[in-house]
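Shown here: input-v1.cif, mmCIF, C-alpha atoms and all ligand atoms.
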data_upload
#
loop_
_atom_site.label_atom_id
_atom_site.label_comp_id
_atom_site.auth_asym_id
_atom_site.auth_seq_id
_atom_site.Cartn_x
_atom_site.Cartn_y
_atom_site.Cartn_z
CA MET G 161 -33.49 -4.14 -13.39
CA ARG G 162 -33.98 -5.44 -16.93
CA THR G 163 -30.83 -6.10 -18.95
CA PRO G 164 -31.38 -4.57 -22.41
CA PHE G 165 -31.56 -7.21 -25.11
CA VAL G 166 -30.66 -6.57 -28.76
CA VAL G 167 -31.40 -9.26 -31.34
CA GLY G 168 -30.45 -9.30 -35.02
CA ASN G 169 -33.09 -10.93 -37.21
CA TRP G 170 -31.27 -11.89 -40.38
CA LYS G 171 -34.46 -13.12 -42.09
CA LEU G 172 -33.75 -14.90 -45.40
CA HIS G 173 -30.16 -13.64 -45.72
CA LYS G 174 -26.64 -15.06 -45.44
CA THR G 175 -25.09 -18.28 -46.66
CA VAL G 176 -23.19 -20.28 -44.06
CA SER G 177 -19.90 -18.66 -45.04
CA GLU G 178 -21.42 -15.14 -45.05
CA ALA G 179 -23.01 -15.86 -41.68
CA LEU G 180 -19.68 -16.96 -40.22
CA THR G 181 -17.95 -13.84 -41.50
CA LEU G 182 -20.57 -11.58 -39.92
CA VAL G 183 -20.75 -13.41 -36.63
CA THR G 184 -16.97 -13.51 -36.28
CA GLU G 185 -16.88 -9.72 -36.68
CA LEU G 186 -19.65 -9.37 -34.10
CA LYS G 187 -17.89 -11.69 -31.68
CA ASN G 188 -14.69 -9.66 -31.91
CA GLN G 189 -16.30 -6.23 -31.77
CA LEU G 190 -18.80 -7.02 -28.99
CA ALA G 191 -16.46 -8.97 -26.71
CA ALA G 192 -15.75 -6.02 -24.44
CA ILE G 193 -19.29 -4.61 -24.31
CA LYS G 194 -21.00 -5.06 -20.96
CA GLY G 195 -24.55 -4.56 -19.76
CA VAL G 196 -26.40 -5.61 -22.93
CA ALA G 197 -27.56 -9.11 -23.89
CA VAL G 198 -27.16 -9.85 -27.59
CA ALA G 199 -28.37 -12.61 -29.92
CA VAL G 200 -28.51 -13.23 -33.66
CA ALA G 201 -31.19 -15.09 -35.57
CA PRO G 202 -29.64 -16.57 -38.73
CA PRO G 203 -31.60 -18.67 -41.23
CA PHE G 204 -32.03 -22.33 -40.20
CA THR G 205 -29.24 -23.54 -42.49
CA ALA G 206 -26.60 -21.46 -40.68
CA LEU G 207 -27.73 -22.07 -37.08
CA THR G 208 -25.37 -24.91 -36.21
CA SER G 209 -22.29 -23.27 -37.72
CA VAL G 210 -23.04 -19.92 -36.10
CA ALA G 211 -23.74 -21.53 -32.71
CA LYS G 212 -20.42 -23.37 -32.87
CA ARG G 213 -18.56 -20.18 -33.76
CA LEU G 214 -20.21 -18.43 -30.79
CA GLU G 215 -19.56 -21.22 -28.27
CA ASP G 216 -17.04 -19.15 -26.31
CA SER G 217 -18.98 -15.90 -26.63
CA ALA G 218 -21.87 -14.27 -24.77
CA ILE G 219 -23.82 -13.77 -28.01
CA GLY G 220 -26.86 -16.04 -28.15
CA VAL G 221 -28.42 -17.72 -31.15
CA ALA G 222 -32.13 -17.61 -31.98
CA GLY G 223 -34.41 -19.39 -34.41
CA GLN G 224 -36.68 -17.13 -36.47
CA ASN G 225 -39.72 -19.40 -36.13
CA CYS G 226 -40.66 -22.94 -35.14
CA HIS G 227 -43.54 -25.38 -35.10
CA TRP G 228 -45.49 -26.04 -31.90
CA GLU G 229 -45.15 -29.82 -32.11
CA SER G 230 -41.81 -31.28 -31.12
CA LYS G 231 -41.74 -34.03 -33.77
CA GLY G 232 -43.92 -35.81 -36.30
CA ALA G 233 -45.20 -35.66 -39.87
CA PHE G 234 -44.80 -31.91 -40.44
CA THR G 235 -42.83 -31.60 -43.66
CA GLY G 236 -40.79 -28.42 -43.86
CA GLU G 237 -41.15 -27.51 -40.20
CA VAL G 238 -38.52 -27.20 -37.44
CA SER G 239 -39.35 -27.73 -33.77
CA ALA G 240 -38.13 -25.94 -30.65
CA PRO G 241 -36.22 -29.03 -29.39
CA LEU G 242 -34.45 -29.23 -32.77
CA LEU G 243 -33.52 -25.55 -32.46
CA ALA G 244 -32.08 -26.28 -29.01
CA ASP G 245 -30.17 -29.21 -30.51
CA ALA G 246 -28.73 -26.85 -33.17
CA GLY G 247 -27.40 -24.57 -30.40
CA CYS G 248 -30.17 -22.00 -30.09
CA THR G 249 -31.11 -20.48 -26.76
CA TRP G 250 -33.92 -18.26 -28.15
CA CYS G 251 -36.64 -18.36 -30.78
CA ILE G 252 -38.65 -15.53 -32.34
CA VAL G 253 -42.35 -16.25 -32.88
CA GLY G 254 -45.15 -14.24 -34.47
CA HIS G 255 -43.00 -11.91 -36.57
CA SER G 256 -45.30 -9.81 -38.75
CA GLU G 257 -43.89 -11.45 -41.88
CA ARG G 258 -44.98 -14.82 -40.45
CA ARG G 259 -48.39 -13.42 -39.55
CA THR G 260 -49.06 -11.74 -42.90
CA LEU G 261 -47.21 -13.94 -45.42
CA PHE G 262 -47.58 -17.35 -43.80
CA GLY G 263 -50.87 -17.03 -41.95
CA ASP G 264 -49.59 -17.43 -38.38
CA SER G 265 -52.58 -16.57 -36.18
CA SER G 266 -52.19 -15.34 -32.61
CA ALA G 267 -53.47 -18.73 -31.41
CA ALA G 268 -50.73 -20.48 -33.40
CA VAL G 269 -48.14 -18.02 -32.10
CA GLY G 270 -49.23 -18.73 -28.53
CA LYS G 271 -48.80 -22.48 -29.07
CA LYS G 272 -45.37 -21.90 -30.59
CA ALA G 273 -44.36 -19.64 -27.69
CA SER G 274 -45.35 -22.28 -25.13
CA ALA G 275 -43.44 -24.94 -27.09
CA VAL G 276 -40.32 -22.76 -27.12
CA LEU G 277 -40.38 -22.32 -23.35
CA ALA G 278 -41.12 -26.03 -22.83
CA ALA G 279 -37.97 -26.82 -24.85
CA GLY G 280 -35.92 -24.72 -22.42
CA LEU G 281 -35.38 -21.77 -24.77
CA GLY G 282 -36.32 -18.14 -24.33
CA VAL G 283 -39.05 -16.76 -26.58
CA ILE G 284 -39.43 -13.41 -28.34
CA VAL G 285 -43.12 -12.82 -29.11
CA CYS G 286 -43.67 -10.19 -31.82
CA ILE G 287 -46.75 -7.99 -31.94
CA GLY G 288 -47.62 -4.80 -33.79
CA GLU G 289 -50.27 -2.91 -35.69
CA THR G 290 -50.48 -2.11 -39.41
CA GLU G 291 -50.62 1.46 -40.67
CA ALA G 292 -54.35 1.11 -41.42
CA GLU G 293 -54.99 -0.11 -37.89
CA ARG G 294 -53.03 2.83 -36.42
CA ASP G 295 -54.85 5.30 -38.67
CA ALA G 296 -58.17 3.81 -37.52
CA GLY G 297 -57.19 4.39 -33.88
CA ARG G 298 -57.03 0.65 -33.24
CA THR G 299 -53.38 0.32 -32.15
CA PHE G 300 -54.07 -0.62 -28.54
CA ALA G 301 -56.97 -2.92 -29.48
CA VAL G 302 -54.74 -4.80 -31.94
CA LEU G 303 -51.94 -5.10 -29.39
CA ASP G 304 -54.46 -6.40 -26.85
CA GLU G 305 -55.82 -9.02 -29.26
CA GLN G 306 -52.34 -10.16 -30.21
CA LEU G 307 -51.13 -10.28 -26.60
CA ALA G 308 -54.21 -12.21 -25.49
CA GLY G 309 -53.58 -14.96 -28.04
CA SER G 310 -49.82 -14.98 -28.49
CA LEU G 311 -48.35 -15.08 -25.01
CA PRO G 312 -47.20 -18.46 -23.71
CA ALA G 313 -48.49 -20.28 -20.67
CA LEU G 314 -46.09 -19.33 -17.87
CA ALA G 315 -45.47 -21.06 -14.56
CA GLY G 316 -44.62 -17.64 -13.15
CA SER G 317 -41.11 -18.16 -11.82
CA GLU G 318 -38.51 -15.41 -12.03
CA GLN G 319 -36.67 -17.47 -14.65
CA ASP G 320 -39.82 -17.67 -16.77
CA PHE G 321 -40.15 -13.90 -16.90
CA ALA G 322 -36.50 -13.54 -17.92
CA ARG G 323 -37.12 -15.98 -20.78
CA LEU G 324 -40.15 -14.12 -22.16
CA VAL G 325 -39.52 -11.09 -24.36
CA VAL G 326 -42.22 -9.13 -26.18
CA ALA G 327 -41.14 -7.29 -29.34
CA TYR G 328 -43.35 -4.35 -30.28
CA GLU G 329 -42.91 -3.94 -34.01
CA PRO G 330 -45.30 -1.57 -35.78
CA VAL G 331 -45.75 -3.25 -39.17
CA TRP G 332 -45.54 0.10 -40.98
CA ALA G 333 -42.03 0.61 -39.61
CA ILE G 334 -40.56 -2.80 -40.52
CA GLY G 335 -38.14 -2.60 -43.43
CA THR G 336 -39.59 0.74 -44.54
CA GLY G 337 -37.03 3.16 -43.15
CA ARG G 338 -39.87 4.77 -41.14
CA THR G 339 -39.34 4.47 -37.41
CA ALA G 340 -41.96 5.08 -34.74
CA SER G 341 -41.20 8.30 -32.91
CA THR G 342 -39.79 7.76 -29.43
CA ALA G 343 -43.13 9.00 -28.04
CA GLN G 344 -45.16 6.58 -30.19
CA ALA G 345 -42.90 3.68 -29.24
CA GLN G 346 -42.87 4.51 -25.51
CA GLU G 347 -46.66 4.92 -25.49
CA ALA G 348 -47.12 1.46 -27.04
CA HIS G 349 -44.54 -0.12 -24.73
CA ALA G 350 -46.18 1.39 -21.65
CA HIS G 351 -49.50 -0.03 -22.82
CA VAL G 352 -47.95 -3.49 -23.29
CA ARG G 353 -46.35 -3.27 -19.83
CA LYS G 354 -49.76 -2.40 -18.36
CA ARG G 355 -51.33 -5.48 -19.96
CA LEU G 356 -48.42 -7.66 -18.81
CA THR G 357 -48.92 -6.33 -15.28
CA GLU G 358 -52.61 -7.28 -15.39
CA ARG G 359 -51.67 -10.75 -16.57
CA PHE G 360 -48.51 -11.55 -14.61
CA GLY G 361 -48.46 -9.05 -11.74
CA GLY G 362 -46.07 -6.15 -11.20
CA ALA G 363 -42.94 -8.16 -10.43
CA GLY G 364 -43.40 -10.40 -13.48
CA ALA G 365 -44.22 -7.54 -15.83
CA GLY G 366 -41.28 -5.57 -14.43
CA ALA G 367 -38.93 -8.39 -15.37
CA ILE G 368 -40.24 -9.02 -18.92
CA ARG G 369 -38.26 -7.17 -21.56
CA ILE G 370 -40.10 -5.30 -24.29
CA GLN G 371 -38.02 -4.72 -27.41
CA TYR G 372 -38.79 -2.15 -30.09
CA GLY G 373 -38.44 -3.20 -33.73
CA GLY G 374 -38.98 -1.28 -36.96
CA SER G 375 -36.16 0.38 -38.89
CA VAL G 376 -33.87 0.66 -35.87
CA LYS G 377 -30.52 2.08 -37.01
CA PRO G 378 -27.48 3.63 -35.37
CA SER G 379 -28.95 7.13 -35.82
CA ASN G 380 -32.20 6.46 -33.91
CA ALA G 381 -31.21 3.69 -31.48
CA GLU G 382 -29.92 5.94 -28.70
CA SER G 383 -33.13 7.96 -28.34
CA LEU G 384 -35.40 4.90 -28.54
CA MET G 385 -33.34 3.02 -25.93
CA ALA G 386 -33.52 5.99 -23.55
CA GLU G 387 -37.29 5.47 -23.09
CA PRO G 388 -38.18 3.82 -19.78
CA ASP G 389 -40.18 0.90 -21.21
CA ILE G 390 -37.93 0.15 -24.21
CA ASP G 391 -35.61 -2.66 -23.18
CA GLY G 392 -33.66 -3.27 -26.36
CA ALA G 393 -34.34 -3.83 -30.02
CA LEU G 394 -35.24 -6.44 -32.59
CA VAL G 395 -33.22 -5.33 -35.61
CA GLY G 396 -33.75 -6.49 -39.19
CA GLY G 397 -31.91 -4.72 -42.00
CA ALA G 398 -29.31 -3.01 -39.82
CA SER G 399 -28.29 -6.35 -38.29
CA LEU G 400 -26.78 -7.51 -41.59
CA GLU G 401 -23.82 -5.12 -41.31
CA ALA G 402 -21.49 -5.59 -38.34
CA ALA G 403 -20.76 -1.87 -37.90
CA ASP G 404 -24.45 -0.89 -37.76
CA PHE G 405 -25.43 -3.71 -35.42
CA VAL G 406 -22.50 -3.03 -33.07
CA ALA G 407 -23.45 0.67 -32.95
CA ILE G 408 -27.03 -0.27 -32.01
CA VAL G 409 -25.81 -2.62 -29.27
CA LYS G 410 -23.60 0.17 -27.90
CA ALA G 411 -26.58 2.54 -27.92
CA ALA G 412 -28.53 0.07 -25.76
CA ARG G 413 -25.96 0.08 -22.93
CA PRO G 414 -27.47 1.31 -19.67
CA LYS G 415 -26.61 4.96 -19.09
C1 LIG G 501 -37.66 -6.99 -38.17
O1 LIG G 501 -37.60 -7.70 -39.15
O2 LIG G 501 -37.98 -7.49 -37.08
C2 LIG G 501 -37.35 -5.58 -38.33
C3 LIG G 501 -37.61 -4.78 -37.33
O3 LIG G 501 -36.82 -5.20 -39.53
P1 LIG G 501 -36.15 -3.76 -39.87
O4 LIG G 501 -35.21 -3.44 -38.74
O5 LIG G 501 -35.44 -3.97 -41.16
O6 LIG G 501 -37.27 -2.79 -39.96
#
Kindly transcribe the structure held in the file into structure tokens.
Ligand code: PEP
Amino acid sequence: MRTPFVVGNWKLHKTVSEALTLVTELKNQLAAIKGVAVAVAPPFTALTSVAKRLEDSAIGVAGQNCHWESKGAFTGEVSAPLLADAGCTWCIVGHSERRTLFGDSSAAVGKKASAVLAAGLGVIVCIGETEAERDAGRTFAVLDEQLAGSLPALAGSEQDFARLVVAYEPVWAIGTGRTASTAQAQEAHAHVRKRLTERFGGAGAGAIRIQYGGSVKPSNAESLMAEPDIDGALVGGASLEAADFVAIVKAARPK
């Protein structure tokens, strides 16, 4: 069985002291919650402080992006080994904001994803269609293109599959307040699971978690999480408030 996984993507928010306030609240309020894996993805500047604060907690820490090279003349970049050194156990790659605002191609995302796994971290690979692509009936084709380029090379061990997470995030639902219906989300997740099965076999695809992301909030989390192929959430805006994020984590508990 897949343990649901809920990750808070803080994007470009929170000073170190704000990050510590939030994560301390999360640590206290989530301590007793069982059956859900949880991580937060603060901005780079707060990673070390947050990881230290979470040392005695089950909450993981994720980078929001990284470079595919581990070191070298790459001004402004951060590598997966440096994220591990800062206390991260996960890294998000291919978020739609990276793809659209910073030009991350699927090929680049795939290289980043492989680098994350090679550094011993787990990777969350984001994919998702724009509204225009959905309206044009191209949702599955876009997901296929993105999956083909963005997934990491995997040795195929059980541990590998537990360290690979795919986040389906329809671009039209990110930060807009519009959420995919449970049927739309489940349909996309089932399609992704089918493609993962073709690529990694049934046991591998059955172990890979597929998160939904796009305006997840306490009011819609329960119904999304009840779908058979939705294994947790990648949460943006609602992860910046402890009460909202905790409610979403509670909604992801296995029933
Ligand atoms: C995200 O940034 O991954 C996201 C899903 O954002 P929001 O929850 O704000 O839509």
Non-local contacts of range 166-176 of chain G (7 Å; only C-alpha atoms; under 5 positions in same chain excluded) as a list in words: Ala197, Val198, Ala199, Val200, Ala201, Pro202, Pro203, Ala206, Gly392, Ala393, Leu394, Val395, Gly396, Ser399, Leu400 and Val409 of chain G
Please produce a file of those selected residues containing C-alpha atoms, as a compact mmCIF listing (two decimals), keeping the file's coordinate frame.
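That gives us again33.txt:
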# COMPACT_ATOMS: atom_id res chain seq x y z
CA ALA G 197 -27.56 -9.11 -23.89
CA VAL G 198 -27.16 -9.85 -27.59
CA ALA G 199 -28.37 -12.61 -29.92
CA VAL G 200 -28.51 -13.23 -33.66
CA ALA G 201 -31.19 -15.09 -35.57
CA PRO G 202 -29.64 -16.57 -38.73
CA PRO G 203 -31.60 -18.67 -41.23
CA ALA G 206 -26.60 -21.46 -40.68
CA GLY G 392 -33.66 -3.27 -26.36
CA ALA G 393 -34.34 -3.83 -30.02
CA LEU G 394 -35.24 -6.44 -32.59
CA VAL G 395 -33.22 -5.33 -35.61
CA GLY G 396 -33.75 -6.49 -39.19
CA SER G 399 -28.29 -6.35 -38.29
CA LEU G 400 -26.78 -7.51 -41.59
CA VAL G 409 -25.81 -2.62 -29.27
For ligand LIG 501 (chain G), the nearest of the candidates G:Lys271, G:His349, G:Arg258, G:Lys212, counting all atoms listed in the file: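 Checking each candidate against ligand LIG 501 (chain G), we get G:Arg258 as the closest.
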Interatomic distance (Å, one decimal) between CA of Ala218 in chain G and CA of Phe360 in chain G: 28.6 Å
Near-ligand residues for ligand LIG 501 (chain G), threshold 10 Å, all atoms listed in the file, as JSON, numbers by chain: {"G": [167, 168, 169, 170, 171, 224, 252, 255, 256, 257, 286, 327, 328, 329, 330, 331, 332, 333, 334, 335, 336, 337, 338, 339, 371, 372, 373, 374, 375, 376, 377, 393, 394, 395, 396, 397, 398, 399, 400]}
Between CA of Phe262 in chain G and CA of Asn225 in chain G, distance in Å (one decimal):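 Result for CA of Phe262 in chain G versus CA of Asn225 in chain G: 11.2 Å, one decimal.
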Selected residue of minimal separation from Ser265 in chain G among G:Val253, G:Leu180, G:Leu186, G:Ala192, counting only C-alpha atoms: G:Val253
Pick from G:Glu293, G:Ala345, G:Ala365, G:Val352, whichever lies nearest to Leu307 in chain G using only C-alpha atoms: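 Closest to Leu307 in chain G, using only C-alpha atoms: G:Val352.
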For Leu356 in chain G, find every residue with an atom within 12 Å (counting only C-alpha atoms), except residues of its own chain fewer than 6 positions away, and show them as a PDB file with C-alpha atoms, keeping the file's coordinate frame.
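The resulting file, selection-v3.pdb, is shown below:
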ATOM      1  CA  LEU G 303     -51.940  -5.100 -29.390  1.00  0.00           C
ATOM      2  CA  ASP G 304     -54.460  -6.400 -26.850  1.00  0.00           C
ATOM      3  CA  LEU G 307     -51.130 -10.280 -26.600  1.00  0.00           C
ATOM      4  CA  ALA G 308     -54.210 -12.210 -25.490  1.00  0.00           C
ATOM      5  CA  LEU G 311     -48.350 -15.080 -25.010  1.00  0.00           C
ATOM      6  CA  PRO G 312     -47.200 -18.460 -23.710  1.00  0.00           C
ATOM      7  CA  LEU G 314     -46.090 -19.330 -17.870  1.00  0.00           C
ATOM      8  CA  PHE G 321     -40.150 -13.900 -16.900  1.00  0.00           C
ATOM      9  CA  LEU G 324     -40.150 -14.120 -22.160  1.00  0.00           C
ATOM     10  CA  VAL G 325     -39.520 -11.090 -24.360  1.00  0.00           C
ATOM     11  CA  VAL G 326     -42.220  -9.130 -26.180  1.00  0.00           C
ATOM     12  CA  HIS G 349     -44.540  -0.120 -24.730  1.00  0.00           C
ATOM     13  CA  ALA G 350     -46.180   1.390 -21.650  1.00  0.00           C
ATOM     14  CA  GLY G 362     -46.070  -6.150 -11.200  1.00  0.00           C
ATOM     15  CA  ALA G 363     -42.940  -8.160 -10.430  1.00  0.00           C
ATOM     16  CA  GLY G 364     -43.400 -10.400 -13.480  1.00  0.00           C
ATOM     17  CA  ALA G 365     -44.220  -7.540 -15.830  1.00  0.00           C
ATOM     18  CA  GLY G 366     -41.280  -5.570 -14.430  1.00  0.00           C
ATOM     19  CA  ALA G 367     -38.930  -8.390 -15.370  1.00  0.00           C
ATOM     20  CA  ILE G 368     -40.240  -9.020 -18.920  1.00  0.00           C
ATOM     21  CA  ARG G 369     -38.260  -7.170 -21.560  1.00  0.00           C
ATOM     22  CA  ILE G 370     -40.100  -5.300 -24.290  1.00  0.00           C
TER      23      ILE G 370
END
Shortest interatomic distance to Pro164 in chain G - which of G:Gly254, G:Gly220, G:Pro414, G:Gly270, counting only C-alpha atoms: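 Closest residue, counting only C-alpha atoms: G:Pro414.
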For CA of Arg323 in chain G and CA of Val285 in chain G, the interatomic separation in Å (one decimal):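 A separation of 10.7 Å between them.
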Contacts of Thr249 in chain G within 7 Å, only C-alpha atoms, excl. fewer than 4 positions in-chain, as a PyMOL selection string: chain G and resi 220-222+244+281-282
Within 10 Å of Gly280 in chain G using all atoms listed in the file, minus same-chain residues under 4 positions, as a list of chain:residue names: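 Result of the neighbour search: G:Ala240, G:Pro241, G:Ala244, G:Cys248, G:Thr249, G:Trp250, G:Ala275, G:Val276, G:Asp320, G:Arg323.
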Which of G:Ala268, G:Gly232, G:Ile390, G:Ser379 sits closest to Thr163 in chain G [using all atoms listed in the file]: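 For Thr163 in chain G, the nearest of the candidates is G:Ile390.
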Leaving out range 382-384 of chain G and any residue of its chain fewer than 5 positions from it, which residues lie within 7 Å of it when counting all atoms listed in the file, given as a PDB file with C-alpha atoms, in the frame of the given file?
ATOM      1  CA  THR G 342     -39.790   7.760 -29.430  1.00  0.00           C
ATOM      2  CA  ILE G 390     -37.930   0.150 -24.210  1.00  0.00           C
ATOM      3  CA  ALA G 411     -26.580   2.540 -27.920  1.00  0.00           C
ATOM      4  CA  ALA G 412     -28.530   0.070 -25.760  1.00  0.00           C
TER       5      ALA G 412
END
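Using all atoms listed in the file, the smallest distance between any of G:Glu229, G:Asp404, G:Glu215, G:Glu237 and Gln189 in chain G comes from G:Asp404.
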Could you work out an axis-aligned box for range 171-188 of chain G, taking every atom the file lists and adding 3 Å on each side, and report centre and edge lengths in Å to one decimal, as lines of an AutoDock Vina configuration file?
center_x = -24.6
center_y = -14.8
center_z = -39.2
size_x = 25.8
size_y = 16.9
size_z = 21.0
